[in-house]
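Have a look at target-v3.pdb; it's PDB, C-alpha atoms:
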ATOM      1  CA  MET A 195      79.120 104.205 116.831
ATOM      2  CA  LYS A 196      77.446 100.892 116.120
ATOM      3  CA  PRO A 197      77.370  98.672 119.245
ATOM      4  CA  GLY A 198      79.077  95.277 119.292
ATOM      5  CA  ARG A 199      77.001  92.094 119.096
ATOM      6  CA  ASN A 200      77.502  91.276 122.781
ATOM      7  CA  GLU A 201      77.297  94.811 124.133
ATOM      8  CA  PRO A 202      74.162  96.093 125.923
ATOM      9  CA  CYS A 203      71.542  97.218 123.436
ATOM     10  CA  PRO A 204      71.421 101.026 123.188
ATOM     11  CA  CYS A 205      67.630 100.944 123.507
ATOM     12  CA  GLY A 206      68.070 100.340 127.231
ATOM     13  CA  SER A 207      66.263  96.997 127.264
ATOM     14  CA  GLY A 208      68.993  95.257 129.229
ATOM     15  CA  LYS A 209      69.442  92.657 126.480
ATOM     16  CA  LYS A 210      72.537  92.115 124.371
ATOM     17  CA  TYR A 211      72.428  93.970 121.062
ATOM     18  CA  LYS A 212      72.388  90.709 119.050
ATOM     19  CA  ARG A 213      69.264  89.540 120.890
ATOM     20  CA  CYS A 214      67.372  92.797 120.811
ATOM     21  CA  CYS A 215      67.533  95.401 118.089
ATOM     22  CA  MET A 216      70.244  94.120 115.743
ATOM     23  CA  ASN A 217      67.921  92.096 113.529
ATOM     24  CA  SER A 218      65.565  95.006 113.018
ATOM     25  CA  ILE A 219      68.056  97.857 113.245
ATOM     26  CA  SER A 220      68.277  98.418 109.485
ATOM     27  CA  LYS A 221      64.510  98.776 109.247
ATOM     28  CA  GLN A 222      64.491 101.165 112.198
ATOM     29  CA  HIS A 223      67.324 103.229 110.761
ATOM     30  CA  THR A 224      65.583 103.417 107.408
ATOM     31  CA  SER A 225      62.359 104.547 109.035
ATOM     32  CA  MET A 226      64.204 107.078 111.211
ATOM     33  CA  LEU A 227      66.177 108.484 108.273
ATOM     34  CA  ASP A 228      62.988 108.757 106.211
ATOM     35  CA  ASP A 229      61.322 110.717 108.991
ATOM     36  CA  ILE A 230      64.285 113.056 109.378
ATOM     37  CA  GLU A 231      64.572 113.497 105.618
ATOM     38  CA  GLN A 232      60.898 114.434 105.481
ATOM     39  CA  VAL A 233      61.397 116.965 108.265
ATOM     40  CA  ALA A 234      64.404 118.422 106.413
ATOM     41  CA  VAL A 235      62.456 118.700 103.147
ATOM     42  CA  MET A 236      59.529 120.407 104.832
ATOM     43  CA  ASN A 237      61.832 122.685 106.838
ATOM     44  CA  PRO A 238      64.778 123.555 104.532
ATOM     45  CA  ASN A 239      66.042 126.296 106.881
ATOM     46  CA  LEU A 240      66.770 123.924 109.772
ATOM     47  CA  SER A 241      70.424 123.779 110.817
ATOM     48  CA  LEU A 242      72.344 120.547 111.414
ATOM     49  CA  GLU A 243      72.081 121.154 115.147
ATOM     50  CA  GLU A 244      68.324 121.492 114.886
ATOM     51  CA  LEU A 245      68.090 118.294 112.846
ATOM     52  CA  ASN A 246      70.114 116.507 115.550
ATOM     53  CA  ILE A 247      67.571 117.675 118.096
ATOM     54  CA  VAL A 248      64.783 116.238 115.931
ATOM     55  CA  ALA A 249      66.655 112.913 115.741
ATOM     56  CA  GLU A 250      67.107 112.844 119.520
ATOM     57  CA  GLN A 251      63.432 113.511 120.058
ATOM     58  CA  LYS A 252      62.448 110.693 117.716
ATOM     59  CA  MET A 253      64.827 108.293 119.462
ATOM     60  CA  LYS A 254      63.381 109.308 122.820
ATOM     61  CA  ALA A 255      59.872 108.651 121.511
ATOM     62  CA  ALA A 256      60.930 105.196 120.291
ATOM     63  CA  ASN A 257      62.401 104.335 123.710
ATOM     64  CA  GLU A 258      59.169 105.373 125.412
ATOM     65  CA  ARG A 259      56.989 103.253 123.137
ATOM     66  CA  PRO A 260      55.522 100.084 124.753
ATOM     67  CA  HIS A 261      57.368  96.914 123.759
ATOM     68  CA  PRO A 262      55.433  93.633 123.447
ATOM     69  CA  ASP A 263      58.383  91.544 124.715
ATOM     70  CA  PHE A 264      58.269  93.574 127.922
ATOM     71  CA  CYS A 265      54.540  92.995 128.497
ATOM     72  CA  GLY A 266      53.833  96.554 127.430
ATOM     73  CA  LEU A 267      56.637  98.322 129.250
ATOM     74  CA  SER A 268      58.761 100.696 127.220
ATOM     75  CA  PRO A 269      62.559 100.301 127.021
ATOM     76  CA  THR A 270      62.822 103.405 129.224
ATOM     77  CA  GLN A 271      60.606 101.878 131.901
ATOM     78  CA  MET A 272      62.388  98.555 131.769
ATOM     79  CA  SER A 273      65.777 100.238 132.040
ATOM     80  CA  ASN A 274      64.653 102.000 135.213
ATOM     81  CA  TRP A 275      63.408  98.790 136.795
ATOM     82  CA  LEU A 276      66.620  96.945 135.928
ATOM     83  CA  TYR A 277      69.232  99.529 136.844
ATOM     84  CA  ALA A 278      67.825 102.362 138.991
ATOM     85  CA  PRO A 279      68.688 102.484 142.707
ATOM     86  CA  PHE A 280      65.902 101.331 145.014
ATOM     87  CA  ASN A 281      64.902 104.885 145.954
ATOM     88  CA  GLU A 282      64.769 105.988 142.302
ATOM     89  CA  LEU A 283      62.449 103.286 140.957
ATOM     90  CA  ALA A 284      59.681 104.815 138.841
ATOM     91  CA  TRP A 285      56.153 103.709 137.954
ATOM     92  CA  VAL A 286      55.848 101.967 141.331
ATOM     93  CA  THR A 287      55.170 103.165 144.862
ATOM     94  CA  ILE A 288      56.668 101.048 147.637
ATOM     95  CA  SER A 289      55.013 101.632 151.001
ATOM     96  CA  THR A 290      55.476 100.390 154.556
ATOM     97  CA  PRO A 291      52.232  98.819 155.838
ATOM     98  CA  GLU A 292      50.996  99.679 159.301
ATOM     99  CA  ASP A 293      50.425  96.001 160.064
ATOM    100  CA  LEU A 294      53.333  93.633 159.424
ATOM    101  CA  SER A 295      51.986  90.704 161.410
ATOM    102  CA  ALA A 296      51.550  88.639 158.211
ATOM    103  CA  SER A 297      55.237  88.904 157.279
ATOM    104  CA  PRO A 298      57.424  86.079 158.654
ATOM    105  CA  VAL A 299      60.624  88.052 158.029
ATOM    106  CA  MET A 300      59.478  91.084 159.986
ATOM    107  CA  ARG A 301      57.960  89.038 162.812
ATOM    108  CA  TYR A 302      61.227  87.140 163.236
ATOM    109  CA  LEU A 303      63.162  90.401 163.277
ATOM    110  CA  ALA A 304      60.870  91.687 166.027
ATOM    111  CA  LEU A 305      61.617  88.578 168.117
ATOM    112  CA  ILE A 306      65.356  89.174 167.728
ATOM    113  CA  LEU A 307      65.070  92.849 168.672
ATOM    114  CA  ASP A 308      62.770  92.195 171.626
ATOM    115  CA  GLU A 309      65.140  89.588 173.062
ATOM    116  CA  ALA A 310      68.041  92.027 172.821
ATOM    117  CA  MET A 311      66.106  94.986 174.224
ATOM    118  CA  GLN A 312      65.065  92.912 177.240
ATOM    119  CA  ASN A 313      68.719  92.125 177.937
ATOM    120  CA  GLY A 314      70.369  95.518 177.667
ATOM    121  CA  GLY A 315      70.764  95.523 173.891
ATOM    122  CA  SER A 316      72.335  92.124 173.293
ATOM    123  CA  PHE A 317      71.992  88.387 173.887
ATOM    124  CA  LYS A 318      74.298  85.360 173.812
ATOM    125  CA  ALA A 319      74.707  83.461 170.537
ATOM    126  CA  THR A 320      75.226  79.717 170.312
ATOM    127  CA  SER A 321      78.728  78.279 169.994
ATOM    128  CA  LYS A 322      78.195  78.212 166.187
ATOM    129  CA  GLY A 323      77.177  81.861 166.145
ATOM    130  CA  ASN A 324      73.472  81.136 165.645
ATOM    131  CA  LEU A 325      70.425  82.539 167.388
ATOM    132  CA  PRO A 326      69.644  80.927 170.749
ATOM    133  CA  ILE A 327      67.098  78.117 171.042
ATOM    134  CA  LYS A 328      64.721  80.440 172.902
ATOM    135  CA  ILE A 329      64.268  82.624 169.805
ATOM    136  CA  VAL A 330      64.083  79.600 167.502
ATOM    137  CA  LYS A 331      61.284  78.117 169.599
ATOM    138  CA  SER A 332      59.350  81.406 169.711
ATOM    139  CA  ALA A 333      59.716  81.789 165.939
ATOM    140  CA  SER A 334      58.487  78.233 165.344
ATOM    141  CA  GLU A 335      55.392  78.930 167.414
ATOM    142  CA  LEU A 336      54.432  81.752 165.033
ATOM    143  CA  LEU A 337      53.802  79.385 162.125
ATOM    144  CA  PRO A 338      50.016  79.004 162.719
ATOM    145  CA  GLU A 339      49.658  82.790 162.388
ATOM    146  CA  PHE A 340      51.061  82.883 158.835
ATOM    147  CA  ALA A 341      49.180  82.152 155.624
ATOM    148  CA  VAL A 342      51.738  79.479 154.754
ATOM    149  CA  SER A 343      50.392  77.360 157.623
ATOM    150  CA  GLN A 344      47.558  76.177 155.383
ATOM    151  CA  PHE A 345      50.198  74.193 153.473
ATOM    152  CA  GLU A 346      52.161  73.161 156.555
ATOM    153  CA  ARG A 347      54.548  70.310 155.993
ATOM    154  CA  HIS A 348      56.199  68.061 158.533
ATOM    155  CA  ILE A 349      58.134  70.143 161.026
ATOM    156  CA  SER A 350      61.434  68.585 159.952
ATOM    157  CA  ILE A 351      61.212  70.029 156.431
ATOM    158  CA  SER A 352      59.356  73.268 157.114
ATOM    159  CA  GLU A 353      61.002  76.527 156.069
ATOM    160  CA  TYR A 354      59.125  78.231 158.928
ATOM    161  CA  ALA A 355      60.029  76.067 161.915
ATOM    162  CA  GLY A 356      62.950  74.074 163.224
ATOM    163  CA  SER A 357      64.818  72.789 166.256
ATOM    164  CA  ASN A 358      67.684  75.231 165.651
ATOM    165  CA  GLU A 359      68.584  78.042 163.278
ATOM    166  CA  ASP A 360      70.471  75.721 160.923
ATOM    167  CA  LYS A 361      67.219  73.859 160.230
ATOM    168  CA  PHE A 362      65.010  76.971 160.048
ATOM    169  CA  ASN A 363      65.620  78.673 156.705
ATOM    170  CA  ALA A 364      63.193  81.586 157.032
ATOM    171  CA  LEU A 365      64.567  82.592 160.448
ATOM    172  CA  HIS A 366      68.183  82.240 159.300
ATOM    173  CA  TYR A 367      67.360  84.333 156.223
ATOM    174  CA  SER A 368      65.883  87.056 158.451
ATOM    175  CA  ARG A 369      68.906  87.112 160.747
ATOM    176  CA  VAL A 370      71.297  87.362 157.776
ATOM    177  CA  LEU A 371      69.285  90.253 156.323
ATOM    178  CA  ALA A 372      69.358  92.078 159.662
ATOM    179  CA  GLU A 373      73.152  91.767 159.702
ATOM    180  CA  ILE A 374      73.456  92.976 156.104
ATOM    181  CA  VAL A 375      71.345  96.040 156.897
ATOM    182  CA  GLY A 376      73.401  96.732 160.009
ATOM    183  CA  ILE A 377      70.598  96.353 162.544
ATOM    184  CA  ILE A 378      72.442  93.649 164.496
ATOM    185  CA  TYR A 379      76.032  92.439 164.658
ATOM    186  CA  LEU A 380      77.894  89.551 166.289
ATOM    187  CA  ARG A 381      80.763  90.381 168.640
ATOM    188  CA  SER A 382      82.413  88.380 171.407
ATOM    189  CA  GLY A 383      79.830  85.629 171.178
ATOM    190  CA  ARG A 384      76.840  87.944 171.537
ATOM    191  CA  TYR A 385      74.379  89.518 169.108
ATOM    192  CA  HIS A 386      74.099  93.261 169.629
ATOM    193  CA  VAL A 387      71.496  95.687 168.322
ATOM    194  CA  LYS A 388      73.094  98.928 167.173
ATOM    195  CA  LYS A 389      72.262 101.951 169.322
ATOM    196  CA  THR A 390      70.707 103.784 166.386
ATOM    197  CA  ALA A 391      68.548 100.735 165.608
ATOM    198  CA  GLN A 392      67.424 100.556 169.237
ATOM    199  CA  LYS A 393      66.276 104.180 169.067
ATOM    200  CA  GLN A 394      64.483 103.583 165.765
ATOM    201  CA  TYR A 395      62.712 100.536 167.151
ATOM    202  CA  LEU A 396      61.573 102.352 170.280
ATOM    203  CA  THR A 397      60.340 105.322 168.252
ATOM    204  CA  HIS A 398      58.856 103.754 165.118
ATOM    205  CA  GLY A 399      58.526 100.045 165.866
ATOM    206  CA  ILE A 400      59.385  97.264 163.457
ATOM    207  CA  GLN A 401      58.135  99.403 160.539
ATOM    208  CA  ALA A 402      61.381 101.391 160.740
ATOM    209  CA  PHE A 403      63.279  98.484 159.206
ATOM    210  CA  PHE A 404      60.844  97.332 156.532
ATOM    211  CA  ILE A 405      62.226  99.331 153.592
ATOM    212  CA  PRO A 406      65.919  98.813 154.513
ATOM    213  CA  MET A 407      65.363  95.049 154.845
ATOM    214  CA  LEU A 408      63.457  94.927 151.552
ATOM    215  CA  GLU A 409      66.149  96.904 149.740
ATOM    216  CA  ALA A 410      68.856  94.589 151.091
ATOM    217  CA  THR A 411      66.865  91.607 149.848
ATOM    218  CA  THR A 412      66.779  92.935 146.291
ATOM    219  CA  SER A 413      70.327  94.257 146.044
ATOM    220  CA  GLN A 414      72.728  92.784 148.623
ATOM    221  CA  TYR A 415      71.492  89.383 149.742
ATOM    222  CA  ASN A 416      72.725  86.453 147.627
ATOM    223  CA  TRP A 417      69.595  84.684 146.346
ATOM    224  CA  GLY A 418      71.557  81.491 145.762
ATOM    225  CA  TYR A 419      72.720  81.296 149.373
ATOM    226  CA  LEU A 420      70.196  78.690 150.548
ATOM    227  CA  ASP A 421      70.375  76.382 147.537
ATOM    228  CA  GLY A 422      73.040  74.178 146.009
ATOM    229  CA  TRP A 423      73.045  75.295 142.370
ATOM    230  CA  GLU A 424      76.439  76.222 140.998
ATOM    231  CA  HIS A 425      75.080  78.288 138.119
ATOM    232  CA  ASP A 426      75.704  82.024 138.418
ATOM    233  CA  ILE A 427      72.268  83.326 137.479
ATOM    234  CA  ASP A 428      71.489  86.542 139.322
ATOM    235  CA  LEU A 429      67.724  87.064 139.239
ATOM    236  CA  ARG A 430      67.829  90.118 141.501
ATOM    237  CA  THR A 431      68.156  92.457 138.514
ATOM    238  CA  PHE A 432      64.703  91.403 137.316
ATOM    239  CA  TRP A 433      62.912  91.286 140.679
ATOM    240  CA  LEU A 434      60.551  94.223 140.128
ATOM    241  CA  PHE A 435      59.502  93.104 136.648
ATOM    242  CA  MET A 436      58.786  89.600 137.979
ATOM    243  CA  LEU A 437      56.893  90.914 140.991
ATOM    244  CA  TRP A 438      54.775  93.166 138.754
ATOM    245  CA  ARG A 439      53.851  90.287 136.491
ATOM    246  CA  LEU A 440      53.087  87.892 139.335
ATOM    247  CA  GLN A 441      50.951  90.485 141.108
ATOM    248  CA  ARG A 442      49.095  91.041 137.844
ATOM    249  CA  HIS A 443      48.171  87.407 137.081
ATOM    250  CA  GLY A 444      49.473  85.089 139.833
ATOM    251  CA  ASN A 445      50.456  82.428 137.293
ATOM    252  CA  THR A 446      53.891  80.857 137.813
ATOM    253  CA  LYS A 447      54.053  79.237 134.383
ATOM    254  CA  GLN A 448      53.108  82.480 132.644
ATOM    255  CA  LEU A 449      55.683  84.393 134.698
ATOM    256  CA  ILE A 450      58.476  82.037 133.649
ATOM    257  CA  GLU A 451      57.485  82.366 129.988
ATOM    258  CA  GLU A 452      57.392  86.164 130.251
ATOM    259  CA  VAL A 453      60.867  86.238 131.782
ATOM    260  CA  MET A 454      62.274  84.025 129.008
ATOM    261  CA  ILE A 455      60.761  86.276 126.333
ATOM    262  CA  ALA A 456      61.925  89.517 127.926
ATOM    263  CA  PHE A 457      65.412  88.268 128.880
ATOM    264  CA  PRO A 458      66.356  85.393 126.533
ATOM    265  CA  ASP A 459      70.034  85.644 127.464
ATOM    266  CA  LEU A 460      69.185  84.084 130.827
ATOM    267  CA  LEU A 461      68.684  80.753 129.061
ATOM    268  CA  LEU A 462      72.267  80.880 127.785
ATOM    269  CA  ARG A 463      73.452  80.766 131.397
ATOM    270  CA  CYS A 464      71.401  77.643 132.113
ATOM    271  CA  PRO A 465      73.318  74.630 130.786
ATOM    272  CA  GLU A 466      71.285  71.658 129.641
ATOM    273  CA  ASP A 467      71.899  68.428 131.513
ATOM    274  CA  GLU A 468      70.343  64.996 131.814
ATOM    275  CA  TYR A 469      67.843  66.197 134.375
ATOM    276  CA  SER A 470      66.465  69.428 132.945
ATOM    277  CA  SER A 471      66.475  71.767 129.957
ATOM    278  CA  PRO A 472      67.663  75.391 130.278
ATOM    279  CA  SER A 473      64.061  76.613 130.474
ATOM    280  CA  GLN A 474      63.225  74.075 133.179
ATOM    281  CA  LEU A 475      66.285  75.036 135.222
ATOM    282  CA  LEU A 476      65.486  78.740 134.920
ATOM    283  CA  GLY A 477      61.881  78.085 135.926
ATOM    284  CA  THR A 478      62.952  76.088 138.970
ATOM    285  CA  MET A 479      65.285  78.891 140.043
ATOM    286  CA  ILE A 480      62.558  81.509 139.676
ATOM    287  CA  GLU A 481      60.220  79.411 141.808
ATOM    288  CA  SER A 482      62.822  78.672 144.475
ATOM    289  CA  ARG A 483      64.862  81.867 144.697
ATOM    290  CA  PHE A 484      62.267  84.486 143.814
ATOM    291  CA  ILE A 485      58.857  83.102 144.742
ATOM    292  CA  LYS A 486      59.511  80.819 147.723
ATOM    293  CA  ARG A 487      62.598  82.315 149.328
ATOM    294  CA  PHE A 488      61.757  85.939 148.739
ATOM    295  CA  LEU A 489      58.079  86.594 148.211
ATOM    296  CA  GLU A 490      56.817  83.826 150.493
ATOM    297  CA  PHE A 491      59.361  84.517 153.257
ATOM    298  CA  TRP A 492      58.130  88.109 153.260
ATOM    299  CA  GLY A 493      54.450  87.133 153.323
ATOM    300  CA  PHE A 494      53.707  88.530 149.860
ATOM    301  CA  VAL A 495      52.473  85.203 148.440
ATOM    302  CA  THR A 496      51.638  81.674 149.473
ATOM    303  CA  VAL A 497      52.654  78.649 147.432
ATOM    304  CA  ALA A 498      50.461  75.560 147.199
ATOM    305  CA  PRO A 499      52.669  72.578 146.260
ATOM    306  CA  MET A 500      51.334  70.753 143.195
ATOM    307  CA  ARG A 501      51.597  66.999 142.731
ATOM    308  CA  HIS A 502      53.759  65.689 139.931
ATOM    309  CA  ALA A 503      51.977  63.517 137.392
ATOM    310  CA  ASN A 504      53.890  60.995 135.252
ATOM    311  CA  GLU A 505      57.145  62.443 136.577
ATOM    312  CA  LEU A 506      56.415  65.741 134.807
ATOM    313  CA  ARG A 507      56.891  68.699 137.080
ATOM    314  CA  THR A 508      53.978  71.129 137.411
ATOM    315  CA  PRO A 509      54.637  74.720 138.577
ATOM    316  CA  ASP A 510      53.327  75.353 142.070
ATOM    317  CA  LYS A 511      50.178  77.408 142.505
ATOM    318  CA  VAL A 512      50.829  80.917 143.784
ATOM    319  CA  GLU A 513      48.289  83.040 145.619
ATOM    320  CA  VAL A 514      49.069  86.735 145.975
ATOM    321  CA  GLN A 515      48.491  87.921 149.554
ATOM    322  CA  PRO A 516      47.014  91.303 150.576
ATOM    323  CA  LEU A 517      50.398  92.406 151.952
ATOM    324  CA  MET A 518      51.942  92.469 148.471
ATOM    325  CA  LYS A 519      49.329  94.863 147.141
ATOM    326  CA  GLN A 520      49.650  97.044 150.240
ATOM    327  CA  VAL A 521      53.371  97.379 149.648
ATOM    328  CA  PHE A 522      53.587  97.650 145.845
ATOM    329  CA  GLN A 523      51.286  99.928 143.851
ATOM    330  CA  PHE A 524      52.158  99.962 140.141
ATOM    331  CA  ASP A 525      51.384 102.826 137.770
ATOM    332  CA  VAL A 526      51.825 100.990 134.449
TER
END

Please lay out the structure from this file as structure tokens.
Amino acid sequence: MKPGRNEPCPCGSGKKYKRCCMNSISKQHTSMLDDIEQVAVMNPNLSLEELNIVAEQKMKAANERPHPDFCGLSPTQMSNWLYAPFNELAWVTISTPEDLSASPVMRYLALILDEAMQNGGSFKATSKGNLPIKIVKSASELLPEFAVSQFERHISISEYAGSNEDKFNALHYSRVLAEIVGIIYLRSGRYHVKKTAQKQYLTHGIQAFFIPMLEATTSQYNWGYLDGWEHDIDLRTFWLFMLWRLQRHGNTKQLIEEVMIAFPDLLLRCPEDEYSSPSQLLGTMIESRFIKRFLEFWGFVTVAPMRHANELRTPDKVEVQPLMKQVFQFDV
């Protein structure tokens, strides 16, 4: 059955049919039918079932052919990266590094766990349900140890320091992730570490929670949580493709262009206003939600703020950190 214009393209690209294969489908069908006809002529004894097998094999070969819009990935590879569960992702190996000292998220989690373990498995939360000032202060003092410290801003606007959790985005992010994963929970005004998590921490250290926290980041955590945009643009689906491209070239502007080419429907969800075009809005979201409040919070990249000339915004400079390459090894 021929797919509808707005249905997912049967090639597995993740795009709508009208923005992927519809324009070239007649040419593809003609080529496919010519190939099958040639096979039938050369093998007149083949049954209809056998010809169907030939057609399936040719379709499979087409789906495994590199696609230029996907930076050389095939539709099959792209489909896996968009839709496969975290533990079934192919063409990439995701490892837990032995040393996580360069990761703000994991260092903050260790502070939370240590405070609880020193107090029988729990500690008192603030009246607002936030982490106590003691942990906030300890987390702030870690800033000089992170690569982001080379671009340190005034303490009042730093993502990596603050007077309380409400003003400390990276720490708040880490605490929320730990709750999503089920490592900690709030009850009766106290944060508790689950018994199973306590055992894991004592046995394997902070490394025990690296993969669960990373998986929660890419599938459960709301990337729009810390910003004020109303637009429902979920970039999580494309996280692995974006990470692969950024690890490959480290160029923010090029990454944004590659995303727009591979997934043009994203621009349709970005309404144009007096302040920015759809492409500018999408680019800003990629920088904020994906690069700064995912990759940088985890210690995978650093971002050097660029000055704006003549009121024209310039994408920030991204430097891939060793931790990213230790965690993600791509086989494409």

Proximity of stretch 359-472 of chain A to stretch 331-348 of chain A: per-residue shortest pair, 10 Å limit, only C-alpha atoms, as JSON lines:
{"residue": "A:Glu359", "atom": "CA", "partner": "A:Lys331", "partner_atom": "CA", "distance": 9.7}
{"residue": "A:Phe362", "atom": "CA", "partner": "A:Ser334", "partner_atom": "CA", "distance": 8.5}
{"residue": "A:Ala364", "atom": "CA", "partner": "A:Ala333", "partner_atom": "CA", "distance": 9.6}
{"residue": "A:Leu365", "atom": "CA", "partner": "A:Ala333", "partner_atom": "CA", "distance": 7.4}

Build an axis-aligned box that encloses every atom of stretch 359-368 of chain A listed in the file, pad it by 6 Å on each side, and report its centre and edge lengths in Å to one decimal, as lines of an AutoDock Vina configuration file.
center_x = 66.8
center_y = 80.5
center_z = 159.8
size_x = 19.3
size_y = 25.2
size_z = 19.1

Quiz item: Hey, what comes out of the PyMOL selection byres ((chain A and resi 473-479) around 12) on this file? Could you write it as a PyMOL selection string?
Solution: chain A and resi 417-418+420-430+446-455+457-472+480-488+506-510

Go ahead and save the residues from that selection, with C-alpha atoms, as a short mmCIF file (atom, residue, chain, number, x, y, z; two decimals), in the coordinates of the input.
data_model
loop_
_atom_site.label_atom_id
_atom_site.label_comp_id
_atom_site.auth_asym_id
_atom_site.auth_seq_id
_atom_site.Cartn_x
_atom_site.Cartn_y
_atom_site.Cartn_z
CA TRP A 417 69.60 84.68 146.35
CA GLY A 418 71.56 81.49 145.76
CA LEU A 420 70.20 78.69 150.55
CA ASP A 421 70.38 76.38 147.54
CA GLY A 422 73.04 74.18 146.01
CA TRP A 423 73.04 75.30 142.37
CA GLU A 424 76.44 76.22 141.00
CA HIS A 425 75.08 78.29 138.12
CA ASP A 426 75.70 82.02 138.42
CA ILE A 427 72.27 83.33 137.48
CA ASP A 428 71.49 86.54 139.32
CA LEU A 429 67.72 87.06 139.24
CA ARG A 430 67.83 90.12 141.50
CA THR A 446 53.89 80.86 137.81
CA LYS A 447 54.05 79.24 134.38
CA GLN A 448 53.11 82.48 132.64
CA LEU A 449 55.68 84.39 134.70
CA ILE A 450 58.48 82.04 133.65
CA GLU A 451 57.48 82.37 129.99
CA GLU A 452 57.39 86.16 130.25
CA VAL A 453 60.87 86.24 131.78
CA MET A 454 62.27 84.02 129.01
CA ILE A 455 60.76 86.28 126.33
CA PHE A 457 65.41 88.27 128.88
CA PRO A 458 66.36 85.39 126.53
CA ASP A 459 70.03 85.64 127.46
CA LEU A 460 69.18 84.08 130.83
CA LEU A 461 68.68 80.75 129.06
CA LEU A 462 72.27 80.88 127.78
CA ARG A 463 73.45 80.77 131.40
CA CYS A 464 71.40 77.64 132.11
CA PRO A 465 73.32 74.63 130.79
CA GLU A 466 71.28 71.66 129.64
CA ASP A 467 71.90 68.43 131.51
CA GLU A 468 70.34 65.00 131.81
CA TYR A 469 67.84 66.20 134.38
CA SER A 470 66.46 69.43 132.94
CA SER A 471 66.47 71.77 129.96
CA PRO A 472 67.66 75.39 130.28
CA ILE A 480 62.56 81.51 139.68
CA GLU A 481 60.22 79.41 141.81
CA SER A 482 62.82 78.67 144.48
CA ARG A 483 64.86 81.87 144.70
CA PHE A 484 62.27 84.49 143.81
CA ILE A 485 58.86 83.10 144.74
CA LYS A 486 59.51 80.82 147.72
CA ARG A 487 62.60 82.32 149.33
CA PHE A 488 61.76 85.94 148.74
CA LEU A 506 56.42 65.74 134.81
CA ARG A 507 56.89 68.70 137.08
CA THR A 508 53.98 71.13 137.41
CA PRO A 509 54.64 74.72 138.58
CA ASP A 510 53.33 75.35 142.07
#

Between stretch 426-465 of chain A and stretch 284-306 of chain A, at 12 Å or less, what are the per-residue closest atom pairs and their distances in Å? Count only C-alpha atoms, order by chain and rising residue number, and return it as JSON lines.
{"residue": "A:Leu434", "atom": "CA", "partner": "A:Val286", "partner_atom": "CA", "distance": 9.1}
{"residue": "A:Phe435", "atom": "CA", "partner": "A:Val286", "partner_atom": "CA", "distance": 10.7}
{"residue": "A:Leu437", "atom": "CA", "partner": "A:Val286", "partner_atom": "CA", "distance": 11.1}
{"residue": "A:Trp438", "atom": "CA", "partner": "A:Val286", "partner_atom": "CA", "distance": 9.2}

Quiz item: Quick one: which residues end up in the PyMOL selection byres ((chain A and resi 308-321) around 10) for this structure, as a PyMOL selection string?
Solution: chain A and resi 302-307+322-329+358-359+378-389+392+395-396

Exercise. Would you please work out which residue, of A:Val370, A:Val497, A:Val233, A:Leu267, is nearest to A:Phe524 when using all atoms listed in the file?
Key: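 Looking at the shortest contact to A:Phe524, the residue is A:Leu267.
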
Quiz item: Looking at A:Asn239, A:Val330, A:Met407, A:His443, which one is nearest to A:Asn363, with distances taken over only C-alpha atoms?
Solution: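 Under the stated criterion, the closest residue is A:Val330.
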
Practice problem: Could you tell me how far atom CA of A:Val514 lies from atom CA of A:Phe494, in Å and to one decimal? | Solution: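 Going from atom CA of A:Val514 over to atom CA of A:Phe494, I get 6.3 Å.
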
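Relative to atom CA of A:His261, atom CA of A:Met436 is found at 16.1 Å.
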
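We find atom CA of A:Trp492 and atom CA of A:Thr412 to be spaced 12.1 Å apart.
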
Practice problem: Go through A:Asn445, A:Thr390, A:Ser368, A:Thr397 and flag the residue nearest A:Tyr415, using all atoms listed in the file for the distances. | Solution: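 Closest residue, counting all atoms listed in the file: A:Ser368.
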